[in-house]
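With PDB, C-alpha atoms, pLDDT in the B column inside, this is target_3.pdb:
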ATOM      1  CA  MET A 160      34.847 -37.385  24.653  1.00 54.00           C
ATOM      2  CA  SER A 161      35.204 -38.646  21.073  1.00 55.00           C
ATOM      3  CA  THR A 162      35.935 -36.380  18.108  1.00 55.00           C
ATOM      4  CA  ASN A 163      32.549 -37.189  16.564  1.00 53.00           C
ATOM      5  CA  THR A 164      30.733 -36.180  19.762  1.00 54.00           C
ATOM      6  CA  SER A 165      32.688 -32.913  19.947  1.00 55.00           C
ATOM      7  CA  TRP A 166      31.771 -32.099  16.332  1.00 47.00           C
ATOM      8  CA  ARG A 167      28.105 -32.867  16.980  1.00 54.00           C
ATOM      9  CA  ILE A 168      28.023 -30.567  20.020  1.00 49.00           C
ATOM     10  CA  ALA A 169      29.794 -27.793  18.095  1.00 47.00           C
ATOM     11  CA  ILE A 170      27.405 -28.070  15.141  1.00 49.00           C
ATOM     12  CA  SER A 171      24.399 -28.107  17.463  1.00 51.00           C
ATOM     13  CA  LEU A 172      25.612 -24.940  19.231  1.00 46.00           C
ATOM     14  CA  ILE A 173      26.215 -23.166  15.916  1.00 51.00           C
ATOM     15  CA  ALA A 174      22.758 -24.160  14.657  1.00 46.00           C
ATOM     16  CA  LEU A 175      21.208 -22.926  17.896  1.00 45.00           C
ATOM     17  CA  ALA A 176      23.049 -19.595  17.663  1.00 48.00           C
ATOM     18  CA  VAL A 177      22.012 -19.074  14.028  1.00 43.00           C
ATOM     19  CA  GLY A 178      18.421 -19.962  14.877  1.00 46.00           C
ATOM     20  CA  VAL A 179      18.322 -17.512  17.781  1.00 41.00           C
ATOM     21  CA  CYS A 180      19.807 -14.693  15.681  1.00 44.00           C
ATOM     22  CA  TRP A 181      17.430 -15.435  12.818  1.00 41.00           C
ATOM     23  CA  GLY A 182      14.521 -15.527  15.240  1.00 42.00           C
ATOM     24  CA  PHE A 183      15.421 -12.138  16.724  1.00 40.00           C
ATOM     25  CA  GLY A 184      15.730 -10.707  13.220  1.00 41.00           C
ATOM     26  CA  VAL A 185      12.267 -11.880  12.304  1.00 41.00           C
ATOM     27  CA  PHE A 186      10.892 -10.637  15.623  1.00 40.00           C
ATOM     28  CA  SER A 187      12.337  -7.163  15.165  1.00 42.00           C
ATOM     29  CA  GLN A 188      10.978  -6.939  11.621  1.00 47.00           C
ATOM     30  CA  THR A 189       7.536  -7.910  12.855  1.00 52.00           C
ATOM     31  CA  GLN A 190       7.659  -5.345  15.671  1.00 71.00           C
ATOM     32  CA  GLN A 191       8.852  -2.495  13.431  1.00 89.00           C
ATOM     33  CA  PRO A 192       6.597  -2.039  10.367  1.00 94.00           C
ATOM     34  CA  ASP A 193       8.333  -1.010   7.148  1.00 96.00           C
ATOM     35  CA  VAL A 194       7.320   2.658   6.770  1.00 96.00           C
ATOM     36  CA  GLY A 195       8.941   2.738   3.317  1.00 97.00           C
ATOM     37  CA  LEU A 196       6.639  -0.060   2.185  1.00 97.00           C
ATOM     38  CA  GLY A 197       3.735   1.785   3.783  1.00 98.00           C
ATOM     39  CA  LYS A 198       4.535   4.929   1.809  1.00 98.00           C
ATOM     40  CA  ALA A 199       4.693   2.967  -1.453  1.00 98.00           C
ATOM     41  CA  ILE A 200       1.280   1.419  -0.750  1.00 98.00           C
ATOM     42  CA  TYR A 201      -0.108   4.820   0.277  1.00 98.00           C
ATOM     43  CA  ASN A 202       1.119   6.491  -2.924  1.00 98.00           C
ATOM     44  CA  ALA A 203      -0.408   3.754  -5.056  1.00 97.00           C
ATOM     45  CA  LYS A 204      -3.748   3.270  -3.262  1.00 97.00           C
ATOM     46  CA  CYS A 205      -4.488   6.257  -0.998  1.00 98.00           C
ATOM     47  CA  ALA A 206      -2.876   9.387  -2.470  1.00 98.00           C
ATOM     48  CA  PRO A 207      -5.411   9.801  -5.325  1.00 98.00           C
ATOM     49  CA  CYS A 208      -8.041  10.707  -2.704  1.00 97.00           C
ATOM     50  CA  HIS A 209      -6.096  11.680   0.436  1.00 98.00           C
ATOM     51  CA  GLY A 210      -3.301  13.548  -1.363  1.00 98.00           C
ATOM     52  CA  GLU A 211       0.450  12.964  -1.568  1.00 97.00           C
ATOM     53  CA  ASP A 212       1.015  14.692   1.781  1.00 97.00           C
ATOM     54  CA  GLY A 213      -2.116  13.274   3.453  1.00 97.00           C
ATOM     55  CA  LYS A 214      -3.996  16.591   3.515  1.00 96.00           C
ATOM     56  CA  GLY A 215      -7.174  15.175   1.950  1.00 95.00           C
ATOM     57  CA  ASP A 216      -6.516  17.045  -1.301  1.00 95.00           C
ATOM     58  CA  GLY A 217      -5.847  14.277  -3.803  1.00 97.00           C
ATOM     59  CA  VAL A 218      -6.722  14.653  -7.493  1.00 97.00           C
ATOM     60  CA  GLU A 219     -10.040  12.856  -6.933  1.00 96.00           C
ATOM     61  CA  ALA A 220     -10.992  14.671  -3.706  1.00 95.00           C
ATOM     62  CA  ALA A 221     -13.021  17.395  -5.442  1.00 92.00           C
ATOM     63  CA  LEU A 222     -15.376  14.752  -6.847  1.00 94.00           C
ATOM     64  CA  LEU A 223     -16.059  13.034  -3.517  1.00 93.00           C
ATOM     65  CA  ASN A 224     -18.720  13.664  -0.874  1.00 88.00           C
ATOM     66  CA  PRO A 225     -17.926  13.435   1.980  1.00 87.00           C
ATOM     67  CA  LYS A 226     -14.377  14.639   1.413  1.00 91.00           C
ATOM     68  CA  PRO A 227     -11.409  12.338   2.135  1.00 94.00           C
ATOM     69  CA  ARG A 228      -9.860  12.512   5.607  1.00 93.00           C
ATOM     70  CA  ASN A 229      -6.995  14.936   6.221  1.00 94.00           C
ATOM     71  CA  PHE A 230      -4.427  12.753   8.002  1.00 96.00           C
ATOM     72  CA  VAL A 231      -2.083  15.602   8.946  1.00 96.00           C
ATOM     73  CA  SER A 232      -4.482  16.992  11.563  1.00 92.00           C
ATOM     74  CA  GLY A 233      -4.736  13.637  13.326  1.00 92.00           C
ATOM     75  CA  VAL A 234      -8.526  14.034  13.636  1.00 92.00           C
ATOM     76  CA  PHE A 235     -10.437  10.805  12.928  1.00 93.00           C
ATOM     77  CA  LYS A 236     -14.177  10.239  13.102  1.00 89.00           C
ATOM     78  CA  PHE A 237     -14.300   6.453  13.215  1.00 90.00           C
ATOM     79  CA  ARG A 238     -12.495   5.270  16.338  1.00 92.00           C
ATOM     80  CA  SER A 239     -13.014   3.537  19.673  1.00 91.00           C
ATOM     81  CA  THR A 240     -11.368   6.364  21.626  1.00 92.00           C
ATOM     82  CA  GLU A 241     -12.640   9.506  23.319  1.00 89.00           C
ATOM     83  CA  SER A 242     -13.610  12.582  21.303  1.00 83.00           C
ATOM     84  CA  GLY A 243     -10.461  14.450  20.323  1.00 86.00           C
ATOM     85  CA  SER A 244      -8.220  11.439  20.952  1.00 93.00           C
ATOM     86  CA  ILE A 245      -6.168   9.758  18.238  1.00 96.00           C
ATOM     87  CA  PRO A 246      -7.430   6.338  17.068  1.00 96.00           C
ATOM     88  CA  THR A 247      -5.829   3.009  17.911  1.00 96.00           C
ATOM     89  CA  ASP A 248      -4.010   0.926  15.304  1.00 97.00           C
ATOM     90  CA  ASP A 249      -6.998  -1.442  15.377  1.00 97.00           C
ATOM     91  CA  ASP A 250      -9.324   1.472  14.568  1.00 97.00           C
ATOM     92  CA  LEU A 251      -7.227   2.406  11.545  1.00 98.00           C
ATOM     93  CA  ALA A 252      -6.979  -1.233  10.458  1.00 98.00           C
ATOM     94  CA  ASN A 253     -10.758  -1.608  10.682  1.00 97.00           C
ATOM     95  CA  THR A 254     -11.377   1.468   8.513  1.00 98.00           C
ATOM     96  CA  ILE A 255      -8.807   0.447   5.905  1.00 98.00           C
ATOM     97  CA  SER A 256      -9.885  -3.198   5.815  1.00 98.00           C
ATOM     98  CA  ASN A 257     -13.659  -2.760   5.896  1.00 97.00           C
ATOM     99  CA  GLY A 258     -14.093   0.678   4.364  1.00 96.00           C
ATOM    100  CA  LEU A 259     -16.813   3.149   5.338  1.00 93.00           C
ATOM    101  CA  PRO A 260     -20.259   2.371   3.870  1.00 87.00           C
ATOM    102  CA  GLY A 261     -21.980   5.466   2.515  1.00 82.00           C
ATOM    103  CA  THR A 262     -18.655   7.070   1.561  1.00 89.00           C
ATOM    104  CA  SER A 263     -16.052   6.592  -1.156  1.00 93.00           C
ATOM    105  CA  MET A 264     -13.725   4.779   1.262  1.00 96.00           C
ATOM    106  CA  THR A 265     -13.610   1.262  -0.113  1.00 95.00           C
ATOM    107  CA  ALA A 266     -12.755  -1.941   1.760  1.00 97.00           C
ATOM    108  CA  TRP A 267      -9.125  -2.847   1.067  1.00 98.00           C
ATOM    109  CA  LYS A 268      -8.912  -6.145   2.959  1.00 97.00           C
ATOM    110  CA  LYS A 269      -8.575  -8.215  -0.236  1.00 97.00           C
ATOM    111  CA  TRP A 270      -5.520  -6.234  -1.324  1.00 97.00           C
ATOM    112  CA  ILE A 271      -3.895  -4.875   1.835  1.00 98.00           C
ATOM    113  CA  ALA A 272      -3.358  -7.194   4.820  1.00 97.00           C
ATOM    114  CA  GLY A 273      -0.751  -8.538   7.214  1.00 97.00           C
ATOM    115  CA  ASP A 274       2.609  -6.743   7.181  1.00 97.00           C
ATOM    116  CA  SER A 275       1.442  -4.509   4.311  1.00 97.00           C
ATOM    117  CA  LEU A 276      -1.469  -3.266   6.414  1.00 98.00           C
ATOM    118  CA  LYS A 277       0.802  -2.648   9.416  1.00 98.00           C
ATOM    119  CA  ALA A 278       3.242  -0.759   7.186  1.00 98.00           C
ATOM    120  CA  LEU A 279       0.459   1.412   5.745  1.00 98.00           C
ATOM    121  CA  ILE A 280      -0.861   2.235   9.228  1.00 98.00           C
ATOM    122  CA  ALA A 281       2.653   3.179  10.360  1.00 98.00           C
ATOM    123  CA  TYR A 282       3.023   5.526   7.390  1.00 98.00           C
ATOM    124  CA  ILE A 283      -0.395   7.163   7.918  1.00 98.00           C
ATOM    125  CA  LYS A 284       0.514   7.766  11.567  1.00 98.00           C
ATOM    126  CA  SER A 285       3.805   9.369  10.479  1.00 97.00           C
ATOM    127  CA  LEU A 286       1.847  12.060   8.612  1.00 98.00           C
ATOM    128  CA  SER A 287       0.573  13.660  11.840  1.00 97.00           C
ATOM    129  CA  PRO A 288       2.678  14.808  14.807  1.00 96.00           C
ATOM    130  CA  LYS A 289      -0.214  13.893  17.127  1.00 95.00           C
ATOM    131  CA  PHE A 290       0.727  10.215  16.928  1.00 96.00           C
ATOM    132  CA  ALA A 291       4.247  10.939  18.142  1.00 93.00           C
ATOM    133  CA  GLY A 292       3.130  12.926  21.184  1.00 90.00           C
ATOM    134  CA  GLU A 293      -0.131  11.290  22.275  1.00 93.00           C
ATOM    135  CA  MET A 294      -1.516   7.921  23.275  1.00 93.00           C
ATOM    136  CA  PRO A 295      -5.006   6.733  22.270  1.00 93.00           C
ATOM    137  CA  ASN A 296      -7.520   7.355  25.068  1.00 88.00           C
ATOM    138  CA  ALA A 297      -9.743   4.282  24.914  1.00 84.00           C
ATOM    139  CA  VAL A 298     -13.412   4.359  25.837  1.00 85.00           C
ATOM    140  CA  ARG A 299     -14.738   1.581  28.048  1.00 81.00           C
ATOM    141  CA  ALA A 300     -17.879   0.258  26.392  1.00 77.00           C
ATOM    142  CA  ALA A 301     -20.988   0.063  28.557  1.00 80.00           C
ATOM    143  CA  ARG A 302     -22.893  -3.178  28.781  1.00 87.00           C
ATOM    144  CA  ALA A 303     -25.604  -3.646  26.176  1.00 87.00           C
ATOM    145  CA  ILE A 304     -29.093  -2.733  27.373  1.00 90.00           C
ATOM    146  CA  PRO A 305     -31.873  -5.063  26.185  1.00 93.00           C
ATOM    147  CA  SER A 306     -34.531  -3.376  24.087  1.00 93.00           C
ATOM    148  CA  SER A 307     -37.824  -2.824  25.902  1.00 96.00           C
ATOM    149  CA  THR A 308     -40.569  -0.217  25.978  1.00 96.00           C
ATOM    150  CA  SER A 309     -38.905   1.353  29.014  1.00 96.00           C
ATOM    151  CA  SER A 310     -35.365   1.452  27.536  1.00 95.00           C
ATOM    152  CA  VAL A 311     -36.649   2.874  24.236  1.00 95.00           C
ATOM    153  CA  GLU A 312     -38.485   5.676  26.080  1.00 96.00           C
ATOM    154  CA  LYS A 313     -35.364   6.469  28.116  1.00 95.00           C
ATOM    155  CA  GLY A 314     -33.303   6.514  24.918  1.00 94.00           C
ATOM    156  CA  LYS A 315     -35.815   8.831  23.286  1.00 94.00           C
ATOM    157  CA  ALA A 316     -35.488  11.242  26.222  1.00 94.00           C
ATOM    158  CA  VAL A 317     -31.680  11.258  25.894  1.00 93.00           C
ATOM    159  CA  TYR A 318     -31.993  11.716  22.102  1.00 93.00           C
ATOM    160  CA  GLY A 319     -34.028  14.853  22.732  1.00 91.00           C
ATOM    161  CA  LYS A 320     -31.872  16.131  25.605  1.00 92.00           C
ATOM    162  CA  LEU A 321     -28.702  15.907  23.514  1.00 90.00           C
ATOM    163  CA  GLN A 322     -30.505  17.718  20.675  1.00 92.00           C
ATOM    164  CA  CYS A 323     -29.955  14.899  18.209  1.00 93.00           C
ATOM    165  CA  THR A 324     -33.200  16.040  16.586  1.00 93.00           C
ATOM    166  CA  SER A 325     -31.470  19.244  15.410  1.00 93.00           C
ATOM    167  CA  CYS A 326     -29.569  17.287  12.767  1.00 93.00           C
ATOM    168  CA  HIS A 327     -31.218  13.852  12.534  1.00 94.00           C
ATOM    169  CA  GLY A 328     -34.838  14.933  13.015  1.00 93.00           C
ATOM    170  CA  THR A 329     -37.489  13.379  15.207  1.00 92.00           C
ATOM    171  CA  ASP A 330     -37.523  10.154  13.191  1.00 93.00           C
ATOM    172  CA  GLY A 331     -33.780   9.737  12.501  1.00 93.00           C
ATOM    173  CA  ARG A 332     -34.353  10.614   8.837  1.00 92.00           C
ATOM    174  CA  GLY A 333     -34.120  14.372   9.177  1.00 90.00           C
ATOM    175  CA  THR A 334     -37.810  15.178   9.673  1.00 90.00           C
ATOM    176  CA  GLY A 335     -38.054  18.436  11.619  1.00 89.00           C
ATOM    177  CA  ALA A 336     -34.284  19.000  11.652  1.00 91.00           C
ATOM    178  CA  ILE A 337     -33.360  22.653  12.117  1.00 90.00           C
ATOM    179  CA  ALA A 338     -29.626  22.462  11.351  1.00 87.00           C
ATOM    180  CA  SER A 339     -29.343  23.260   7.659  1.00 81.00           C
ATOM    181  CA  ASP A 340     -25.689  24.155   7.074  1.00 86.00           C
ATOM    182  CA  LEU A 341     -23.709  21.259   8.531  1.00 88.00           C
ATOM    183  CA  ARG A 342     -19.952  21.324   7.999  1.00 87.00           C
ATOM    184  CA  ASP A 343     -17.049  19.111   9.029  1.00 82.00           C
ATOM    185  CA  THR A 344     -13.832  20.155  10.773  1.00 79.00           C
ATOM    186  CA  TRP A 345     -12.465  21.544   7.504  1.00 79.00           C
ATOM    187  CA  GLU A 346     -15.678  23.456   6.634  1.00 85.00           C
ATOM    188  CA  ASN A 347     -16.736  20.988   3.940  1.00 82.00           C
ATOM    189  CA  PRO A 348     -20.539  20.701   3.669  1.00 85.00           C
ATOM    190  CA  ILE A 349     -21.905  17.410   5.047  1.00 85.00           C
ATOM    191  CA  ALA A 350     -25.306  15.810   5.535  1.00 85.00           C
ATOM    192  CA  ALA A 351     -26.625  14.268   8.744  1.00 88.00           C
ATOM    193  CA  THR A 352     -26.646  10.473   8.707  1.00 87.00           C
ATOM    194  CA  ASP A 353     -29.974   8.742   8.137  1.00 90.00           C
ATOM    195  CA  LEU A 354     -30.126   6.688  11.348  1.00 93.00           C
ATOM    196  CA  THR A 355     -32.712   4.317   9.885  1.00 92.00           C
ATOM    197  CA  GLU A 356     -30.218   2.948   7.345  1.00 87.00           C
ATOM    198  CA  PRO A 357     -28.794  -0.419   8.472  1.00 78.00           C
ATOM    199  CA  TRP A 358     -25.200   0.509   7.532  1.00 69.00           C
ATOM    200  CA  SER A 359     -25.223   3.581   9.769  1.00 58.00           C
TER     201      SER A 359
END

Would you mind writing the file's structure down as C-alpha cells?
Amino acid sequence: MSTNTSWRIAISLIALAVGVCWGFGVFSQTQQPDVGLGKAIYNAKCAPCHGEDGKGDGVEAALLNPKPRNFVSGVFKFRSTESGSIPTDDDLANTISNGLPGTSMTAWKKWIAGDSLKALIAYIKSLSPKFAGEMPNAVRAARAIPSSTSSVEKGKAVYGKLQCTSCHGTDGRGTGAIASDLRDTWENPIAATDLTEPWS
C-alpha cells in the first residue's frame, strides 16, 4: 500500500469519526430542548400574563377575562387527552402557535417556532410536577358522523341528557340557561361559550 493511499484512508476515517460525533451532538441537542432558552422566552413573552412562577398571576392577569392559565396545577382545558389528563406536547404547541380565539391568548407562531417552541414547552412542563409523574392519556377520536335530520335529532337528545342546556341554553346562545354563577377551577367567574360562534 502506498503512502498516499494510507494517508487518504486515515483522513477518510478521521472525517468519518468527526462527522459521526458531530451528528450525535446535533441529535442530542434536538432530543433535549434547552430549558434555559425556554425560560428566557417565557419571561419575555408569557410571564406578563401567566406570572413569573406560572401561577396565572402576572401583572396583566387582573385585566384579562378569562384569566390566564395556572401552569403549576397542570390542569389544561385545550387538549386531545382525557379529562384530568395532562396535555401532549402537540396540544401545548397548538395553543402557543395558534392562540385561543375569544381569549387574550394570542397566536405566537410568527415569533416562536422550531427549537424555541420546543424549549418553551419544556419549560412550561417543568413548572408542574404532574408532567414528571404522568403520561398524557390520549383520546381516540370517533369517526365523523354525517349531518342528517336523524343525526341532528340524536345529537339534540344527547345535548339535553348531558344538561348542556344548563349553561349553553336551548339554542347554544344561553337562552333558557339556569346556571348563573359559572366559575373555573380557580373560582374565577367565566361565561358559557356561545356555541353558534364559528371560532368556538

Size and centre in Å, one decimal, axis-aligned box, all listed segment 200-211 of chain A atoms plus 8 Å per side, as AutoDock Vina command-line options:
--center_x -3.4 --center_y 7.5 --center_z -2.4 --size_x 25.3 --size_y 28.1 --size_z 21.8

Pick from A:Trp267, A:Tyr282, A:Phe230, A:Phe235: nearest to Gly210 of chain A, with all atoms listed in the file counted?
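Smallest separation from Gly210 of chain A among the options: A:Phe230.
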
In Å, with one decimal, what is the gap from atom CA of Ser306 of chain A to atom CA of Thr352 of chain A?
22.1 Å

Got a sec to resolve the PyMOL selection byres ((chain A and resi 350) around 9) on this structure and send the residues as an MDAnalysis selection string?
chainID A and resid 225 326 339:342 348:349 351:353

Skipping near chain neighbours, those fewer than 5 positions away, what residues fall within 6 Å of Ala336 of chain A using all atoms listed in the file, listed as number ranges by chain?
A: 324-326, 328

Test item: the PyMOL selection byres ((chain A and resi 209) around 12) resolved as a ChimeraX atom specification
/A:201-208,210-221,223,226-231,263-264,283,286

Using the chain letters and numbers from the file, which residues does the PyMOL selection byres ((chain A and resi 240-255) around 7) grab, as an MDAnalysis selection string?
chainID A and resid 233:235 238:239 256:259 266:267 280 295:298

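Taking atom CA of Leu279 of chain A and atom CA of Ile200 of chain A as the two end points, the separation is 6.5 Å.
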
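Reported to one decimal place, the separation of atom CA of Gln190 of chain A from atom CA of Lys277 of chain A is 9.7 Å.
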
Among the residues A:Thr262, A:Thr344, A:Ser275, A:Ser232, the one that comes closest to Pro288 of chain A [using all atoms listed in the file]:
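Checking each candidate against Pro288 of chain A, we get A:Ser232 as the closest.
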
Nearest to Asp330 of chain A, chosen from A:Gln191, A:Thr265, A:Thr355, A:Ser287, with all atoms listed in the file counted in the distances:
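Distance minimum relative to Asp330 of chain A lands on A:Thr355.
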